[in-house]
Every structure is written in C-alpha cells, then in structure tokens.
>>> print(open('entry23.pdb').read())   # PDB, C-alpha atoms, pLDDT in the B column
ATOM      1  CA  MET V  33       0.000   0.000   0.000  1.00 58.00           C
ATOM      2  CA  ALA V  34       1.297   3.432  -0.932  1.00 73.00           C
ATOM      3  CA  GLU V  35       2.147   5.980   1.704  1.00 90.00           C
ATOM      4  CA  THR V  36      -0.536   8.661   2.057  1.00 93.00           C
ATOM      5  CA  THR V  37      -1.093  12.121   3.427  1.00 95.00           C
ATOM      6  CA  GLN V  38      -4.318  13.523   4.903  1.00 96.00           C
ATOM      7  CA  PHE V  39      -6.049  16.030   2.599  1.00 97.00           C
ATOM      8  CA  GLU V  40      -8.814  18.356   3.739  1.00 97.00           C
ATOM      9  CA  LEU V  41     -10.641  20.902   1.604  1.00 97.00           C
ATOM     10  CA  VAL V  42     -12.841  23.385   3.438  1.00 96.00           C
ATOM     11  CA  SER V  43     -15.074  26.052   1.882  1.00 92.00           C
ATOM     12  CA  PRO V  44     -17.011  28.708   3.800  1.00 91.00           C
ATOM     13  CA  GLU V  45     -20.138  26.551   3.565  1.00 88.00           C
ATOM     14  CA  ARG V  46     -18.796  23.120   4.513  1.00 91.00           C
ATOM     15  CA  LEU V  47     -16.080  20.518   4.731  1.00 92.00           C
ATOM     16  CA  VAL V  48     -15.863  19.548   1.062  1.00 92.00           C
ATOM     17  CA  LEU V  49     -13.458  16.627   1.351  1.00 94.00           C
ATOM     18  CA  SER V  50     -11.388  14.857   3.981  1.00 96.00           C
ATOM     19  CA  ARG V  51      -9.429  11.724   3.104  1.00 95.00           C
ATOM     20  CA  ASP V  52      -6.032  10.106   2.754  1.00 95.00           C
ATOM     21  CA  VAL V  53      -4.443  10.586  -0.676  1.00 96.00           C
ATOM     22  CA  GLU V  54      -1.190   9.631  -2.353  1.00 95.00           C
ATOM     23  CA  MET V  55      -0.625  13.133  -3.702  1.00 96.00           C
ATOM     24  CA  VAL V  56      -2.486  16.383  -4.202  1.00 97.00           C
ATOM     25  CA  VAL V  57      -1.522  19.155  -6.641  1.00 97.00           C
ATOM     26  CA  VAL V  58      -2.618  22.629  -5.553  1.00 97.00           C
ATOM     27  CA  PRO V  59      -2.772  25.942  -7.511  1.00 95.00           C
ATOM     28  CA  GLY V  60      -0.514  28.141  -5.389  1.00 95.00           C
ATOM     29  CA  SER V  61      -0.255  31.855  -6.106  1.00 93.00           C
ATOM     30  CA  GLU V  62       3.341  31.307  -7.268  1.00 94.00           C
ATOM     31  CA  GLY V  63       2.492  28.214  -9.325  1.00 94.00           C
ATOM     32  CA  TYR V  64       1.121  24.734  -8.861  1.00 95.00           C
ATOM     33  CA  PHE V  65       2.779  22.569  -6.212  1.00 96.00           C
ATOM     34  CA  GLY V  66       2.485  18.890  -5.372  1.00 96.00           C
ATOM     35  CA  VAL V  67       2.121  17.578  -1.841  1.00 96.00           C
ATOM     36  CA  LEU V  68       3.357  14.100  -0.986  1.00 95.00           C
ATOM     37  CA  PRO V  69       3.745  12.418   2.411  1.00 94.00           C
ATOM     38  CA  ARG V  70       6.518  14.013   4.529  1.00 94.00           C
ATOM     39  CA  HIS V  71       6.319  17.312   2.604  1.00 93.00           C
ATOM     40  CA  ALA V  72       8.175  20.251   4.128  1.00 94.00           C
ATOM     41  CA  PRO V  73       5.851  22.519   6.140  1.00 95.00           C
ATOM     42  CA  MET V  74       4.621  25.574   4.253  1.00 96.00           C
ATOM     43  CA  ILE V  75       1.730  27.983   3.814  1.00 97.00           C
ATOM     44  CA  SER V  76       0.641  29.389   0.454  1.00 97.00           C
ATOM     45  CA  THR V  77      -2.088  31.592  -0.900  1.00 97.00           C
ATOM     46  CA  LEU V  78      -4.069  30.073  -3.762  1.00 96.00           C
ATOM     47  CA  SER V  79      -4.881  31.248  -7.241  1.00 92.00           C
ATOM     48  CA  ALA V  80      -8.046  30.275  -9.063  1.00 91.00           C
ATOM     49  CA  GLY V  81      -7.329  26.839 -10.478  1.00 93.00           C
ATOM     50  CA  VAL V  82      -7.804  23.112 -10.137  1.00 94.00           C
ATOM     51  CA  ILE V  83      -6.759  20.805  -7.324  1.00 96.00           C
ATOM     52  CA  ASP V  84      -5.857  17.347  -8.659  1.00 95.00           C
ATOM     53  CA  ILE V  85      -6.175  14.459  -6.205  1.00 96.00           C
ATOM     54  CA  TYR V  86      -4.111  11.350  -6.939  1.00 95.00           C
ATOM     55  CA  GLU V  87      -4.732   7.799  -5.793  1.00 92.00           C
ATOM     56  CA  GLY V  88      -3.328   4.668  -7.397  1.00 89.00           C
ATOM     57  CA  GLY V  89      -0.973   6.807  -9.469  1.00 88.00           C
ATOM     58  CA  GLN V  90      -3.760   8.658 -11.298  1.00 93.00           C
ATOM     59  CA  VAL V  91      -6.054  11.636 -10.863  1.00 93.00           C
ATOM     60  CA  VAL V  92      -9.278  10.536  -9.184  1.00 93.00           C
ATOM     61  CA  ASP V  93     -10.853  13.933  -8.424  1.00 92.00           C
ATOM     62  CA  ARG V  94     -10.511  17.444  -9.839  1.00 94.00           C
ATOM     63  CA  ILE V  95     -11.835  20.387  -7.847  1.00 95.00           C
ATOM     64  CA  PHE V  96     -11.872  24.030  -8.930  1.00 95.00           C
ATOM     65  CA  VAL V  97     -10.970  26.510  -6.204  1.00 95.00           C
ATOM     66  CA  ALA V  98     -11.250  30.290  -6.378  1.00 91.00           C
ATOM     67  CA  GLY V  99      -8.610  31.578  -4.019  1.00 89.00           C
ATOM     68  CA  GLY V 100      -7.859  30.833  -0.406  1.00 95.00           C
ATOM     69  CA  PHE V 101      -4.943  29.337   1.526  1.00 97.00           C
ATOM     70  CA  ALA V 102      -3.147  26.012   1.803  1.00 97.00           C
ATOM     71  CA  GLU V 103      -1.272  24.786   4.855  1.00 97.00           C
ATOM     72  CA  VAL V 104       1.047  21.824   4.408  1.00 97.00           C
ATOM     73  CA  THR V 105       2.684  19.763   7.152  1.00 95.00           C
ATOM     74  CA  GLU V 106       4.559  16.472   7.022  1.00 94.00           C
ATOM     75  CA  THR V 107       1.293  14.547   7.481  1.00 94.00           C
ATOM     76  CA  ARG V 108      -1.459  16.710   5.983  1.00 95.00           C
ATOM     77  CA  CYS V 109      -2.508  19.342   3.462  1.00 97.00           C
ATOM     78  CA  THR V 110      -5.390  21.595   4.441  1.00 97.00           C
ATOM     79  CA  VAL V 111      -6.937  23.915   1.872  1.00 97.00           C
ATOM     80  CA  LEU V 112      -9.236  26.725   2.981  1.00 97.00           C
ATOM     81  CA  ALA V 113     -10.891  27.772  -0.269  1.00 95.00           C
ATOM     82  CA  GLU V 114     -13.042  30.833  -0.872  1.00 92.00           C
ATOM     83  CA  GLU V 115     -15.050  28.694  -3.292  1.00 91.00           C
ATOM     84  CA  ALA V 116     -14.791  25.003  -4.270  1.00 93.00           C
ATOM     85  CA  THR V 117     -16.574  23.174  -7.100  1.00 91.00           C
ATOM     86  CA  LEU V 118     -16.138  19.634  -8.389  1.00 89.00           C
ATOM     87  CA  LEU V 119     -15.370  19.976 -12.101  1.00 89.00           C
ATOM     88  CA  SER V 120     -17.706  17.072 -12.817  1.00 87.00           C
ATOM     89  CA  GLU V 121     -20.596  19.139 -11.403  1.00 89.00           C
ATOM     90  CA  VAL V 122     -20.049  22.294 -13.488  1.00 90.00           C
ATOM     91  CA  ASN V 123     -22.893  23.182 -15.865  1.00 91.00           C
ATOM     92  CA  VAL V 124     -20.974  24.879 -18.681  1.00 91.00           C
ATOM     93  CA  ALA V 125     -24.035  26.438 -20.345  1.00 92.00           C
ATOM     94  CA  GLU V 126     -25.239  27.944 -17.063  1.00 94.00           C
ATOM     95  CA  THR V 127     -21.754  29.243 -16.224  1.00 92.00           C
ATOM     96  CA  GLU V 128     -21.395  30.831 -19.678  1.00 94.00           C
ATOM     97  CA  LYS V 129     -24.814  32.488 -19.261  1.00 95.00           C
ATOM     98  CA  THR V 130     -23.811  33.881 -15.851  1.00 93.00           C
ATOM     99  CA  LEU V 131     -20.520  35.155 -17.266  1.00 92.00           C
ATOM    100  CA  ALA V 132     -22.258  36.921 -20.153  1.00 93.00           C
ATOM    101  CA  GLY V 133     -24.715  38.544 -17.744  1.00 93.00           C
ATOM    102  CA  ASP V 134     -21.910  39.741 -15.471  1.00 93.00           C
ATOM    103  CA  ARG V 135     -20.061  41.235 -18.432  1.00 93.00           C
ATOM    104  CA  ASP V 136     -23.197  43.131 -19.464  1.00 92.00           C
ATOM    105  CA  VAL V 137     -23.705  44.475 -15.942  1.00 90.00           C
ATOM    106  CA  LEU V 138     -20.044  45.525 -15.770  1.00 89.00           C
ATOM    107  CA  LYS V 139     -20.466  47.759 -18.840  1.00 90.00           C
ATOM    108  CA  ASP V 140     -23.060  49.851 -16.986  1.00 88.00           C
ATOM    109  CA  THR V 141     -21.418  49.871 -13.549  1.00 87.00           C
ATOM    110  CA  SER V 142     -19.646  53.063 -12.522  1.00 88.00           C
ATOM    111  CA  ASP V 143     -19.165  52.384  -8.791  1.00 89.00           C
ATOM    112  CA  ALA V 144     -15.500  51.401  -8.282  1.00 90.00           C
ATOM    113  CA  ILE V 145     -16.205  48.874  -5.533  1.00 92.00           C
ATOM    114  CA  GLU V 146     -18.949  47.149  -7.522  1.00 92.00           C
ATOM    115  CA  ARG V 147     -16.728  47.128 -10.627  1.00 91.00           C
ATOM    116  CA  GLY V 148     -13.963  45.460  -8.641  1.00 91.00           C
ATOM    117  CA  LYS V 149     -16.298  42.768  -7.333  1.00 91.00           C
ATOM    118  CA  LEU V 150     -17.705  42.107 -10.797  1.00 91.00           C
ATOM    119  CA  GLU V 151     -14.253  41.977 -12.382  1.00 92.00           C
ATOM    120  CA  GLU V 152     -13.108  39.443  -9.779  1.00 91.00           C
ATOM    121  CA  ARG V 153     -16.217  37.317 -10.333  1.00 91.00           C
ATOM    122  CA  ILE V 154     -15.682  37.440 -14.098  1.00 92.00           C
ATOM    123  CA  ARG V 155     -12.038  36.305 -13.705  1.00 91.00           C
ATOM    124  CA  THR V 156     -13.191  33.426 -11.483  1.00 91.00           C
ATOM    125  CA  LEU V 157     -15.890  32.320 -13.943  1.00 92.00           C
ATOM    126  CA  GLU V 158     -13.416  32.515 -16.842  1.00 92.00           C
ATOM    127  CA  ALA V 159     -10.940  30.365 -14.899  1.00 91.00           C
ATOM    128  CA  LEU V 160     -13.698  27.868 -14.046  1.00 91.00           C
ATOM    129  CA  LEU V 161     -14.731  27.567 -17.703  1.00 92.00           C
ATOM    130  CA  ALA V 162     -11.113  27.189 -18.832  1.00 89.00           C
ATOM    131  CA  ALA V 163     -10.541  24.435 -16.255  1.00 88.00           C
ATOM    132  CA  THR V 164     -13.725  22.648 -17.298  1.00 88.00           C
ATOM    133  CA  ARG V 165     -12.732  22.744 -20.974  1.00 85.00           C
ATOM    134  CA  ARG V 166      -9.247  21.385 -20.208  1.00 81.00           C
ATOM    135  CA  ALA V 167     -10.799  18.534 -18.222  1.00 70.00           C
ATOM    136  CA  ALA V 168     -13.144  17.527 -21.054  1.00 65.00           C
TER     137      ALA V 168
END
>>> encode(input="entry23.pdb", output="structure tokens")
Amino acid sequence: MAETTQFELVSPERLVLSRDVEMVVVPGSEGYFGVLPRHAPMISTLSAGVIDIYEGGQVVDRIFVAGGFAEVTETRCTVLAEEATLLSEVNVAETEKTLAGDRDVLKDTSDAIERGKLEERIRTLEALLAATRRAA
C-alpha cells in the first residue's frame, strides 16, 4: 500500500473533502505545487485553479478553487478555499450564461467597488470555464 497524506478541503459553507491521498496538486499563487507524504511545512495563498487528487498513481478527483490558503505539514494538506466546485458538477451552459450577464452588468457599472467585485467574479468564472474545458 502506498504511503498517504491527509487532505482536507474546506469552503465557507462546509467541509468539502477529507481523506487520505497519495498526492495532491494545488494551484498556489506562485504556481502549482504537489504535496506528498513528509512534505516540508509551508503555507501558500491560492490562485483560481484546479486541485488534482491522486490515488493509485492517477487523478481521481478534480476540484476548482477560487482563491484561499493552503497549509502543508509532514502529514497533511489543508486547503481553505473561498469557493470550491467539483469539475464534474459544473454546468458549462449555465456558467457561460452567468458570465455573459456579469459582463453586461459591468459595462453599466460606474461604482468602483462594484466594478472590482464584478471583475473578480468574471475572472473566477473565466478560470472555471477554462478548467472545465481542459478537463473535457
């Protein structure tokens, strides 16, 4: 049996996943990084991207995260994600519709704070769609 590390993914709403894995690849703000058992301790901010979970030498789950933090120790990797979505559950048509609507609203928004929020949401939706297309 392969050596494993504990992986936990937490979103603001719930504990998304908690299990032992062979490896997890996380979208750090300075690039993707892999976590194996006995990894050096570290903390990283996350970029919008996909977490790949490996078991049996292959990817078994792919989860899109939109920002957050990862804490790695020798025995575990904990991800606190602002948003987490299983790629297999993404409705591409609905996401594209939402993105188009947000872009239309952005054109007519003059408030700087609202523009910033909309621009961030648009970047997240674009990253989600790109990740979904790569996974297909």
>>> closest_residue(input="entry23.pdb", among="V:Ala113, V:Ala159, V:Ala132, V:Ile95", to="Leu47 in chain V", atoms="all atoms listed in the file")
V:Ala113
>>> resolve_selection(input="entry23.pdb", expression="the PyMOL selection byres ((chain V and resi 83-87) around 6)", output="ChimeraX atom specification")
/V:53-58,82,88-95
>>> closest_residue(input="entry23.pdb", among="V:Gly60, V:Gly133, V:Pro69, V:Gly100", to="Glu114 in chain V", atoms="all atoms listed in the file")
V:Gly100
>>> residues_around(input="entry23.pdb", residues="Glu40 in chain V", least_positions_apart="4", cutoff="9 Å", atoms="only C-alpha atoms", output="list in words")
Leu47, Val48, Leu49, Ser50, Arg51, Asp52, Arg108, Cys109, Thr110, Val111 and Leu112 of chain V
>>> resolve_selection(input="entry23.pdb", expression="the PyMOL selection byres ((chain V and resi 128) around 12)", output="ChimeraX atom specification")
/V:122-127,129-135,154,156-162,164-165
>>> atom_distance(input="entry23.pdb", atom1="CA of Phe39 in chain V", atom2="CA of Leu118 in chain V")
15.3 Å
